[in-house]
$ cat final_15.txt   # compact mmCIF, N, CA and C atoms
# COMPACT_ATOMS: atom_id res chain seq x y z
N MET X 30 37.82 62.66 8.71
CA MET X 30 37.07 61.49 8.36
C MET X 30 38.02 60.30 8.32
N SER X 31 37.59 59.19 8.86
CA SER X 31 38.41 57.98 8.90
C SER X 31 37.83 56.93 7.95
N TRP X 32 38.67 56.39 7.11
CA TRP X 32 38.25 55.33 6.18
C TRP X 32 38.83 54.01 6.64
N THR X 33 38.05 53.00 6.61
CA THR X 33 38.56 51.66 6.92
C THR X 33 38.37 50.79 5.69
N SER X 34 39.28 49.86 5.53
CA SER X 34 39.19 48.95 4.39
C SER X 34 38.08 47.93 4.62
N ILE X 35 37.37 47.66 3.57
CA ILE X 35 36.38 46.60 3.61
C ILE X 35 36.97 45.44 2.83
N ILE X 36 37.01 44.28 3.47
CA ILE X 36 37.66 43.11 2.89
C ILE X 36 36.61 42.04 2.63
N LEU X 37 36.71 41.40 1.50
CA LEU X 37 35.85 40.27 1.18
C LEU X 37 36.30 39.07 1.99
N LYS X 38 35.44 38.56 2.87
CA LYS X 38 35.81 37.46 3.75
C LYS X 38 35.42 36.10 3.19
N ARG X 39 34.24 36.00 2.63
CA ARG X 39 33.74 34.73 2.11
C ARG X 39 33.10 34.96 0.75
N LEU X 40 33.22 33.93 -0.09
CA LEU X 40 32.66 34.01 -1.43
C LEU X 40 32.15 32.64 -1.83
N ALA X 41 30.96 32.59 -2.38
CA ALA X 41 30.42 31.36 -2.96
C ALA X 41 30.02 31.68 -4.40
N LEU X 42 30.35 30.78 -5.31
CA LEU X 42 30.09 31.00 -6.72
C LEU X 42 29.63 29.69 -7.34
N THR X 43 28.55 29.75 -8.12
CA THR X 43 28.05 28.57 -8.83
C THR X 43 27.88 28.90 -10.30
N GLU X 44 28.43 28.03 -11.16
CA GLU X 44 28.25 28.18 -12.60
C GLU X 44 27.47 26.97 -13.11
N THR X 45 26.55 27.23 -14.03
CA THR X 45 25.77 26.18 -14.67
C THR X 45 26.21 26.10 -16.13
N LEU X 46 26.65 24.91 -16.54
CA LEU X 46 27.14 24.72 -17.91
C LEU X 46 26.01 24.26 -18.82
N PRO X 47 26.06 24.64 -20.11
CA PRO X 47 25.04 24.17 -21.05
C PRO X 47 25.22 22.68 -21.32
N SER X 48 24.17 22.04 -21.82
CA SER X 48 24.21 20.59 -22.07
C SER X 48 25.22 20.21 -23.14
N ALA X 49 25.60 21.15 -24.01
CA ALA X 49 26.56 20.86 -25.08
C ALA X 49 28.01 20.99 -24.64
N VAL X 50 28.23 21.06 -23.33
CA VAL X 50 29.58 21.21 -22.77
C VAL X 50 29.79 20.11 -21.74
N THR X 51 30.96 19.47 -21.81
CA THR X 51 31.32 18.45 -20.83
C THR X 51 32.46 18.96 -19.97
N LEU X 52 32.29 18.93 -18.67
CA LEU X 52 33.34 19.35 -17.74
C LEU X 52 34.46 18.31 -17.74
N ILE X 53 35.69 18.76 -17.83
CA ILE X 53 36.84 17.86 -17.75
C ILE X 53 37.08 17.55 -16.28
N PRO X 54 37.06 16.25 -15.92
CA PRO X 54 37.22 15.88 -14.50
C PRO X 54 38.50 16.44 -13.89
N ASP X 55 38.41 16.84 -12.64
CA ASP X 55 39.54 17.33 -11.85
C ASP X 55 40.23 18.56 -12.44
N SER X 56 39.50 19.34 -13.24
CA SER X 56 40.11 20.53 -13.86
C SER X 56 39.84 21.82 -13.10
N GLY X 57 38.96 21.80 -12.12
CA GLY X 57 38.61 23.02 -11.39
C GLY X 57 39.71 23.48 -10.46
N GLN X 58 40.02 24.78 -10.52
CA GLN X 58 41.02 25.40 -9.65
C GLN X 58 40.48 26.72 -9.13
N PRO X 59 40.47 26.98 -7.84
CA PRO X 59 40.72 25.99 -6.80
C PRO X 59 39.69 24.87 -6.90
N GLU X 60 39.92 23.79 -6.20
CA GLU X 60 39.04 22.64 -6.30
C GLU X 60 37.62 23.01 -5.85
N PRO X 61 36.62 22.76 -6.70
CA PRO X 61 35.24 23.06 -6.32
C PRO X 61 34.79 22.20 -5.14
N VAL X 62 33.84 22.72 -4.37
CA VAL X 62 33.29 21.95 -3.24
C VAL X 62 32.18 21.02 -3.71
N ALA X 63 31.60 21.30 -4.88
CA ALA X 63 30.52 20.46 -5.38
C ALA X 63 30.46 20.55 -6.90
N ILE X 64 30.14 19.41 -7.50
CA ILE X 64 29.88 19.35 -8.94
C ILE X 64 28.57 18.60 -9.10
N GLY X 65 27.57 19.28 -9.65
CA GLY X 65 26.26 18.67 -9.83
C GLY X 65 26.11 18.14 -11.25
N GLN X 66 25.13 17.30 -11.43
CA GLN X 66 24.88 16.67 -12.73
C GLN X 66 23.53 17.10 -13.29
N ALA X 67 23.45 17.13 -14.61
CA ALA X 67 22.22 17.31 -15.40
C ALA X 67 21.30 18.41 -14.88
N PRO X 68 21.55 19.66 -15.08
CA PRO X 68 22.71 20.20 -15.78
C PRO X 68 23.95 20.23 -14.88
N THR X 69 25.11 20.30 -15.51
CA THR X 69 26.35 20.35 -14.74
C THR X 69 26.49 21.69 -14.06
N THR X 70 26.69 21.67 -12.76
CA THR X 70 26.97 22.88 -11.99
C THR X 70 28.29 22.72 -11.26
N ILE X 71 29.00 23.80 -11.12
CA ILE X 71 30.28 23.83 -10.41
C ILE X 71 30.14 24.87 -9.31
N THR X 72 30.43 24.48 -8.07
CA THR X 72 30.28 25.40 -6.94
C THR X 72 31.58 25.50 -6.17
N TRP X 73 31.98 26.74 -5.91
CA TRP X 73 33.14 27.02 -5.06
C TRP X 73 32.65 27.75 -3.82
N ARG X 74 33.28 27.48 -2.69
CA ARG X 74 33.08 28.27 -1.47
C ARG X 74 34.47 28.63 -0.97
N ILE X 75 34.76 29.89 -0.95
CA ILE X 75 36.08 30.38 -0.58
C ILE X 75 35.96 31.08 0.77
N THR X 76 36.75 30.65 1.74
CA THR X 76 36.67 31.24 3.08
C THR X 76 37.79 32.25 3.33
N HIS X 77 38.74 32.35 2.42
CA HIS X 77 39.78 33.39 2.51
C HIS X 77 40.01 33.92 1.10
N VAL X 78 39.59 35.15 0.88
CA VAL X 78 39.76 35.78 -0.42
C VAL X 78 40.96 36.71 -0.35
N PRO X 79 42.02 36.44 -1.11
CA PRO X 79 43.20 37.31 -1.08
C PRO X 79 42.86 38.74 -1.49
N LYS X 80 43.56 39.70 -0.91
CA LYS X 80 43.31 41.11 -1.23
C LYS X 80 43.55 41.42 -2.70
N ASP X 81 44.46 40.68 -3.34
CA ASP X 81 44.77 40.95 -4.75
C ASP X 81 43.87 40.18 -5.71
N GLY X 82 42.85 39.49 -5.18
CA GLY X 82 41.88 38.83 -6.04
C GLY X 82 42.03 37.32 -6.10
N LEU X 83 41.18 36.72 -6.87
CA LEU X 83 41.12 35.27 -6.95
C LEU X 83 40.63 34.89 -8.34
N THR X 84 41.23 33.87 -8.93
CA THR X 84 40.81 33.36 -10.23
C THR X 84 40.30 31.94 -10.05
N MET X 85 39.15 31.65 -10.61
CA MET X 85 38.59 30.31 -10.60
C MET X 85 38.53 29.83 -12.04
N THR X 86 39.00 28.61 -12.29
CA THR X 86 39.04 28.09 -13.65
C THR X 86 38.59 26.63 -13.68
N TYR X 87 38.23 26.17 -14.87
CA TYR X 87 37.92 24.78 -15.12
C TYR X 87 38.04 24.53 -16.62
N GLY X 88 38.20 23.27 -16.99
CA GLY X 88 38.31 22.91 -18.40
C GLY X 88 37.03 22.25 -18.88
N VAL X 89 36.70 22.48 -20.14
CA VAL X 89 35.52 21.86 -20.74
C VAL X 89 35.85 21.32 -22.12
N ARG X 90 35.03 20.37 -22.55
CA ARG X 90 35.06 19.89 -23.92
C ARG X 90 33.75 20.33 -24.55
N LEU X 91 33.84 20.98 -25.69
CA LEU X 91 32.63 21.46 -26.37
C LEU X 91 32.11 20.34 -27.26
N ASP X 92 30.86 19.96 -27.07
CA ASP X 92 30.26 18.83 -27.76
C ASP X 92 29.35 19.24 -28.91
N ALA X 93 29.36 20.51 -29.28
CA ALA X 93 28.48 20.99 -30.35
C ALA X 93 29.19 22.08 -31.14
N ILE X 94 28.72 22.31 -32.35
CA ILE X 94 29.23 23.37 -33.20
C ILE X 94 28.16 24.46 -33.26
N GLY X 95 28.59 25.72 -33.27
CA GLY X 95 27.65 26.83 -33.34
C GLY X 95 27.82 27.76 -32.15
N ALA X 96 26.85 28.60 -31.93
CA ALA X 96 26.89 29.58 -30.84
C ALA X 96 26.46 28.91 -29.54
N LEU X 97 27.27 29.08 -28.51
CA LEU X 97 26.96 28.55 -27.19
C LEU X 97 27.07 29.66 -26.16
N THR X 98 26.24 29.61 -25.17
CA THR X 98 26.35 30.51 -24.02
C THR X 98 27.06 29.73 -22.93
N VAL X 99 28.26 30.19 -22.58
CA VAL X 99 29.09 29.47 -21.60
C VAL X 99 29.55 30.45 -20.53
N PRO X 100 29.28 30.21 -19.29
CA PRO X 100 28.30 29.27 -18.77
C PRO X 100 26.89 29.81 -18.99
N GLU X 101 25.91 28.95 -18.79
CA GLU X 101 24.52 29.41 -18.93
C GLU X 101 24.15 30.40 -17.84
N ARG X 102 24.69 30.16 -16.65
CA ARG X 102 24.39 31.05 -15.53
C ARG X 102 25.54 31.03 -14.53
N THR X 103 25.86 32.20 -13.98
CA THR X 103 26.83 32.32 -12.90
C THR X 103 26.21 33.21 -11.84
N SER X 104 26.17 32.70 -10.61
CA SER X 104 25.62 33.50 -9.51
C SER X 104 26.44 33.22 -8.26
N GLY X 105 26.34 34.12 -7.32
CA GLY X 105 27.09 33.92 -6.09
C GLY X 105 26.62 34.82 -4.97
N TRP X 106 27.29 34.68 -3.85
CA TRP X 106 27.05 35.54 -2.70
C TRP X 106 28.38 35.78 -2.01
N PHE X 107 28.40 36.81 -1.18
CA PHE X 107 29.64 37.15 -0.46
C PHE X 107 29.30 37.70 0.91
N LYS X 108 30.31 37.70 1.77
CA LYS X 108 30.23 38.34 3.08
C LYS X 108 31.50 39.16 3.23
N ASP X 109 31.36 40.41 3.68
CA ASP X 109 32.54 41.25 3.82
C ASP X 109 32.96 41.38 5.29
N SER X 110 34.01 42.14 5.52
CA SER X 110 34.58 42.28 6.86
C SER X 110 33.66 43.04 7.83
N LYS X 111 32.60 43.64 7.32
CA LYS X 111 31.60 44.29 8.18
C LYS X 111 30.38 43.39 8.34
N ASN X 112 30.54 42.11 7.96
CA ASN X 112 29.49 41.09 8.04
C ASN X 112 28.26 41.41 7.19
N ARG X 113 28.45 42.19 6.15
CA ARG X 113 27.37 42.45 5.21
C ARG X 113 27.37 41.33 4.18
N VAL X 114 26.18 40.93 3.79
CA VAL X 114 26.02 39.85 2.82
C VAL X 114 25.41 40.43 1.55
N GLY X 115 25.87 39.94 0.41
CA GLY X 115 25.32 40.38 -0.86
C GLY X 115 25.28 39.23 -1.84
N ALA X 116 24.48 39.39 -2.88
CA ALA X 116 24.36 38.39 -3.93
C ALA X 116 24.59 39.06 -5.28
N PHE X 117 24.98 38.26 -6.26
CA PHE X 117 25.26 38.82 -7.58
C PHE X 117 25.06 37.77 -8.65
N ASP X 118 24.85 38.24 -9.88
CA ASP X 118 24.84 37.41 -11.08
C ASP X 118 25.89 37.98 -12.03
N VAL X 119 26.55 37.10 -12.76
CA VAL X 119 27.56 37.51 -13.74
C VAL X 119 26.96 37.32 -15.13
N PRO X 120 27.06 38.32 -16.00
CA PRO X 120 26.50 38.17 -17.35
C PRO X 120 27.12 36.98 -18.08
N ALA X 121 26.29 36.26 -18.82
CA ALA X 121 26.76 35.12 -19.62
C ALA X 121 27.56 35.61 -20.82
N ARG X 122 28.40 34.73 -21.32
CA ARG X 122 29.21 35.05 -22.49
C ARG X 122 28.86 34.07 -23.62
N GLN X 123 28.88 34.55 -24.83
CA GLN X 123 28.60 33.67 -25.97
C GLN X 123 29.91 33.37 -26.69
N VAL X 124 30.08 32.11 -27.07
CA VAL X 124 31.24 31.71 -27.86
C VAL X 124 30.74 31.04 -29.12
N ASP X 125 31.51 31.17 -30.18
CA ASP X 125 31.20 30.49 -31.45
C ASP X 125 32.14 29.31 -31.60
N VAL X 126 31.58 28.11 -31.66
CA VAL X 126 32.38 26.89 -31.81
C VAL X 126 32.38 26.54 -33.29
N LEU X 127 33.56 26.51 -33.88
CA LEU X 127 33.71 26.24 -35.31
C LEU X 127 34.12 24.78 -35.54
N PRO X 128 33.76 24.23 -36.71
CA PRO X 128 34.14 22.83 -37.00
C PRO X 128 35.64 22.68 -37.21

$ encode --input "final_15.txt" --output "structure tokens"
Amino acid sequence: MSWTSIILKRLALTETLPSAVTLIPDSGQPEPVAIGQAPTTITWRITHVPKDGLTMTYGVRLDAIGALTVPERTSGWFKDSKNRVGAFDVPARQVDVLP
């Protein structure tokens, strides 16, 4: 039996931030291809995904105290080296913002 490696070729990811969070300008790494307003969305499109993985980051200012879901939603799609396409959602995380 012969096994071939399947490589992630393309990746698109969009995160939607809650209204109680302000995105810090120019903080996205790698640089996002789009930033939407009301609600704030951050979109990356990666055309070369390293075999050892990829980290996407951004900075925010929290404008409220209490429990927040950050981000509200994360979804994306990918294409692999066999030209298969897939979509995914990432579970939201809750943070407690203290005074």

$ atom_distance --input "final_15.txt" --atom1 "CA of Val124 in chain X" --atom2 "CA of Gly65 in chain X"
22.8 Å

$ residues_around --input "final_15.txt" --residues "range 40-54 of chain X" --least-positions-apart "4" --cutoff "6 Å" --atoms "only N, CA and C atoms" --output "list in words"
Pro68, Thr69, Thr70, Ile71, Thr72, Trp73, Arg74, Ile75, Thr76, Gly88, Val89, Arg90, Leu91, Asp92, Ala93, Thr98, Val99, Pro100, Glu101, Arg102, Thr103, Ser104, Gly105, Trp106, Phe107 and Lys108 of chain X

$ atom_distance --input "final_15.txt" --atom1 "atom C of Gln58 in chain X" --atom2 "atom C of Leu127 in chain X"
27.2 Å

$ closest_residue --input "final_15.txt" --among "X:Ile94, X:Ala67, X:Val78, X:Val62" --to "Ser110 in chain X" --atoms "only C-alpha atoms"
X:Val78

$ atom_distance --input "final_15.txt" --atom1 "CA of Gly82 in chain X" --atom2 "CA of Arg39 in chain X"
12.2 Å

$ closest_residue --input "final_15.txt" --among "X:Lys38, X:Ala121, X:Val114, X:Tyr87" --to "Ile64 in chain X" --atoms "only C-alpha atoms"
X:Tyr87

$ closest_residue --input "final_15.txt" --among "X:Ala96, X:Ala63, X:Leu37, X:Ala116" --to "Leu83 in chain X" --atoms "only C-alpha atoms"
X:Leu37

$ closest_residue --input "final_15.txt" --among "X:Gln66, X:Leu97, X:Thr84, X:Ser34" --to "Arg122 in chain X" --atoms "only N, CA and C atoms"
X:Leu97

$ select_by_dssp --input "final_15.txt" --residues "range 70-113 of chain X" --states "strand (DSSP E or B)" --output "short mmCIF file (atom, residue, chain, number, x, y, z; two decimals) with N, CA and C atoms, in the frame of the given file"
data_model
loop_
_atom_site.label_atom_id
_atom_site.label_comp_id
_atom_site.auth_asym_id
_atom_site.auth_seq_id
_atom_site.Cartn_x
_atom_site.Cartn_y
_atom_site.Cartn_z
N THR X 70 26.69 21.67 -12.76
CA THR X 70 26.97 22.88 -11.99
C THR X 70 28.29 22.72 -11.26
N ILE X 71 29.00 23.80 -11.12
CA ILE X 71 30.28 23.83 -10.41
C ILE X 71 30.14 24.87 -9.31
N THR X 72 30.43 24.48 -8.07
CA THR X 72 30.28 25.40 -6.94
C THR X 72 31.58 25.50 -6.17
N TRP X 73 31.98 26.74 -5.91
CA TRP X 73 33.14 27.02 -5.06
C TRP X 73 32.65 27.75 -3.82
N ARG X 74 33.28 27.48 -2.69
CA ARG X 74 33.08 28.27 -1.47
C ARG X 74 34.47 28.63 -0.97
N ILE X 75 34.76 29.89 -0.95
CA ILE X 75 36.08 30.38 -0.58
C ILE X 75 35.96 31.08 0.77
N THR X 86 39.00 28.61 -12.29
CA THR X 86 39.04 28.09 -13.65
C THR X 86 38.59 26.63 -13.68
N VAL X 89 36.70 22.48 -20.14
CA VAL X 89 35.52 21.86 -20.74
C VAL X 89 35.85 21.32 -22.12
N ARG X 90 35.03 20.37 -22.55
CA ARG X 90 35.06 19.89 -23.92
C ARG X 90 33.75 20.33 -24.55
N LEU X 91 33.84 20.98 -25.69
CA LEU X 91 32.63 21.46 -26.37
C LEU X 91 32.11 20.34 -27.26
N GLY X 95 28.59 25.72 -33.27
CA GLY X 95 27.65 26.83 -33.34
C GLY X 95 27.82 27.76 -32.15
N ALA X 96 26.85 28.60 -31.93
CA ALA X 96 26.89 29.58 -30.84
C ALA X 96 26.46 28.91 -29.54
N LEU X 97 27.27 29.08 -28.51
CA LEU X 97 26.96 28.55 -27.19
C LEU X 97 27.07 29.66 -26.16
N THR X 98 26.24 29.61 -25.17
CA THR X 98 26.35 30.51 -24.02
C THR X 98 27.06 29.73 -22.93
N VAL X 99 28.26 30.19 -22.58
CA VAL X 99 29.09 29.47 -21.60
C VAL X 99 29.55 30.45 -20.53
N ARG X 102 24.69 30.16 -16.65
CA ARG X 102 24.39 31.05 -15.53
C ARG X 102 25.54 31.03 -14.53
N THR X 103 25.86 32.20 -13.98
CA THR X 103 26.83 32.32 -12.90
C THR X 103 26.21 33.21 -11.84
N SER X 104 26.17 32.70 -10.61
CA SER X 104 25.62 33.50 -9.51
C SER X 104 26.44 33.22 -8.26
N GLY X 105 26.34 34.12 -7.32
CA GLY X 105 27.09 33.92 -6.09
C GLY X 105 26.62 34.82 -4.97
N TRP X 106 27.29 34.68 -3.85
CA TRP X 106 27.05 35.54 -2.70
C TRP X 106 28.38 35.78 -2.01
N PHE X 107 28.40 36.81 -1.18
CA PHE X 107 29.64 37.15 -0.46
C PHE X 107 29.30 37.70 0.91
N LYS X 108 30.31 37.70 1.77
CA LYS X 108 30.23 38.34 3.08
C LYS X 108 31.50 39.16 3.23
N ASP X 109 31.36 40.41 3.68
CA ASP X 109 32.54 41.25 3.82
C ASP X 109 32.96 41.38 5.29
#

$ closest_residue --input "final_15.txt" --among "X:Met85, X:Asp125, X:Asp109, X:Pro59" --to "Ile35 in chain X" --atoms "only C-alpha atoms"
X:Asp109

$ decode --input "final_15.txt" --residues "range 49-82 of chain X" --atoms "N, CA and C atoms" --output "short mmCIF file (atom, residue, chain, number, x, y, z; two decimals), in the first residue's frame"
data_model
loop_
_atom_site.label_atom_id
_atom_site.label_comp_id
_atom_site.auth_asym_id
_atom_site.auth_seq_id
_atom_site.Cartn_x
_atom_site.Cartn_y
_atom_site.Cartn_z
N ALA X 49 -18.69 44.33 22.18
CA ALA X 49 -17.97 44.85 23.35
C ALA X 49 -16.46 44.74 23.21
N VAL X 50 -15.99 44.47 21.99
CA VAL X 50 -14.56 44.32 21.72
C VAL X 50 -14.18 45.24 20.57
N THR X 51 -13.07 45.96 20.74
CA THR X 51 -12.57 46.82 19.67
C THR X 51 -11.26 46.25 19.14
N LEU X 52 -11.19 46.06 17.84
CA LEU X 52 -9.97 45.55 17.21
C LEU X 52 -8.91 46.65 17.23
N ILE X 53 -7.70 46.30 17.63
CA ILE X 53 -6.59 47.24 17.60
C ILE X 53 -6.08 47.33 16.16
N PRO X 54 -6.07 48.54 15.58
CA PRO X 54 -5.66 48.68 14.18
C PRO X 54 -4.26 48.11 13.92
N ASP X 55 -4.10 47.51 12.75
CA ASP X 55 -2.82 46.97 12.28
C ASP X 55 -2.23 45.90 13.20
N SER X 56 -3.07 45.21 13.98
CA SER X 56 -2.55 44.18 14.89
C SER X 56 -2.62 42.77 14.33
N GLY X 57 -3.31 42.57 13.22
CA GLY X 57 -3.48 41.23 12.66
C GLY X 57 -2.20 40.70 12.05
N GLN X 58 -1.86 39.44 12.39
CA GLN X 58 -0.70 38.75 11.83
C GLN X 58 -1.09 37.33 11.47
N PRO X 59 -0.84 36.86 10.26
CA PRO X 59 -0.43 37.67 9.13
C PRO X 59 -1.50 38.73 8.84
N GLU X 60 -1.17 39.69 8.01
CA GLU X 60 -2.09 40.79 7.75
C GLU X 60 -3.39 40.26 7.13
N PRO X 61 -4.54 40.58 7.72
CA PRO X 61 -5.81 40.13 7.16
C PRO X 61 -6.05 40.75 5.78
N VAL X 62 -6.83 40.05 4.95
CA VAL X 62 -7.17 40.59 3.63
C VAL X 62 -8.38 41.51 3.71
N ALA X 63 -9.17 41.39 4.79
CA ALA X 63 -10.35 42.23 4.93
C ALA X 63 -10.69 42.39 6.40
N ILE X 64 -11.16 43.59 6.73
CA ILE X 64 -11.69 43.87 8.06
C ILE X 64 -13.03 44.55 7.85
N GLY X 65 -14.09 43.91 8.32
CA GLY X 65 -15.44 44.46 8.15
C GLY X 65 -15.87 45.20 9.40
N GLN X 66 -16.89 46.00 9.26
CA GLN X 66 -17.40 46.81 10.35
C GLN X 66 -18.82 46.40 10.73
N ALA X 67 -19.15 46.59 12.00
CA ALA X 67 -20.50 46.46 12.56
C ALA X 67 -21.27 45.23 12.09
N PRO X 68 -21.02 44.05 12.55
CA PRO X 68 -20.00 43.71 13.53
C PRO X 68 -18.61 43.61 12.89
N THR X 69 -17.59 43.72 13.72
CA THR X 69 -16.22 43.63 13.21
C THR X 69 -15.91 42.20 12.82
N THR X 70 -15.47 42.02 11.59
CA THR X 70 -15.02 40.71 11.11
C THR X 70 -13.59 40.84 10.61
N ILE X 71 -12.83 39.79 10.79
CA ILE X 71 -11.43 39.74 10.35
C ILE X 71 -11.33 38.52 9.44
N THR X 72 -10.82 38.71 8.22
CA THR X 72 -10.72 37.61 7.26
C THR X 72 -9.30 37.47 6.77
N TRP X 73 -8.81 36.24 6.81
CA TRP X 73 -7.51 35.90 6.25
C TRP X 73 -7.73 34.94 5.09
N ARG X 74 -6.91 35.05 4.06
CA ARG X 74 -6.84 34.06 2.98
C ARG X 74 -5.37 33.72 2.81
N ILE X 75 -5.05 32.49 3.07
CA ILE X 75 -3.67 32.03 3.03
C ILE X 75 -3.50 31.11 1.82
N THR X 76 -2.56 31.43 0.95
CA THR X 76 -2.35 30.62 -0.25
C THR X 76 -1.18 29.65 -0.12
N HIS X 77 -0.42 29.76 0.96
CA HIS X 77 0.65 28.80 1.24
C HIS X 77 0.62 28.52 2.74
N VAL X 78 0.22 27.32 3.09
CA VAL X 78 0.15 26.92 4.49
C VAL X 78 1.37 26.07 4.80
N PRO X 79 2.26 26.53 5.69
CA PRO X 79 3.45 25.75 6.03
C PRO X 79 3.08 24.39 6.61
N LYS X 80 3.91 23.39 6.34
CA LYS X 80 3.65 22.04 6.86
C LYS X 80 3.62 21.99 8.37
N ASP X 81 4.37 22.89 9.03
CA ASP X 81 4.41 22.87 10.49
C ASP X 81 3.32 23.74 11.12
N GLY X 82 2.40 24.27 10.31
CA GLY X 82 1.26 24.99 10.85
C GLY X 82 1.35 26.50 10.67
#
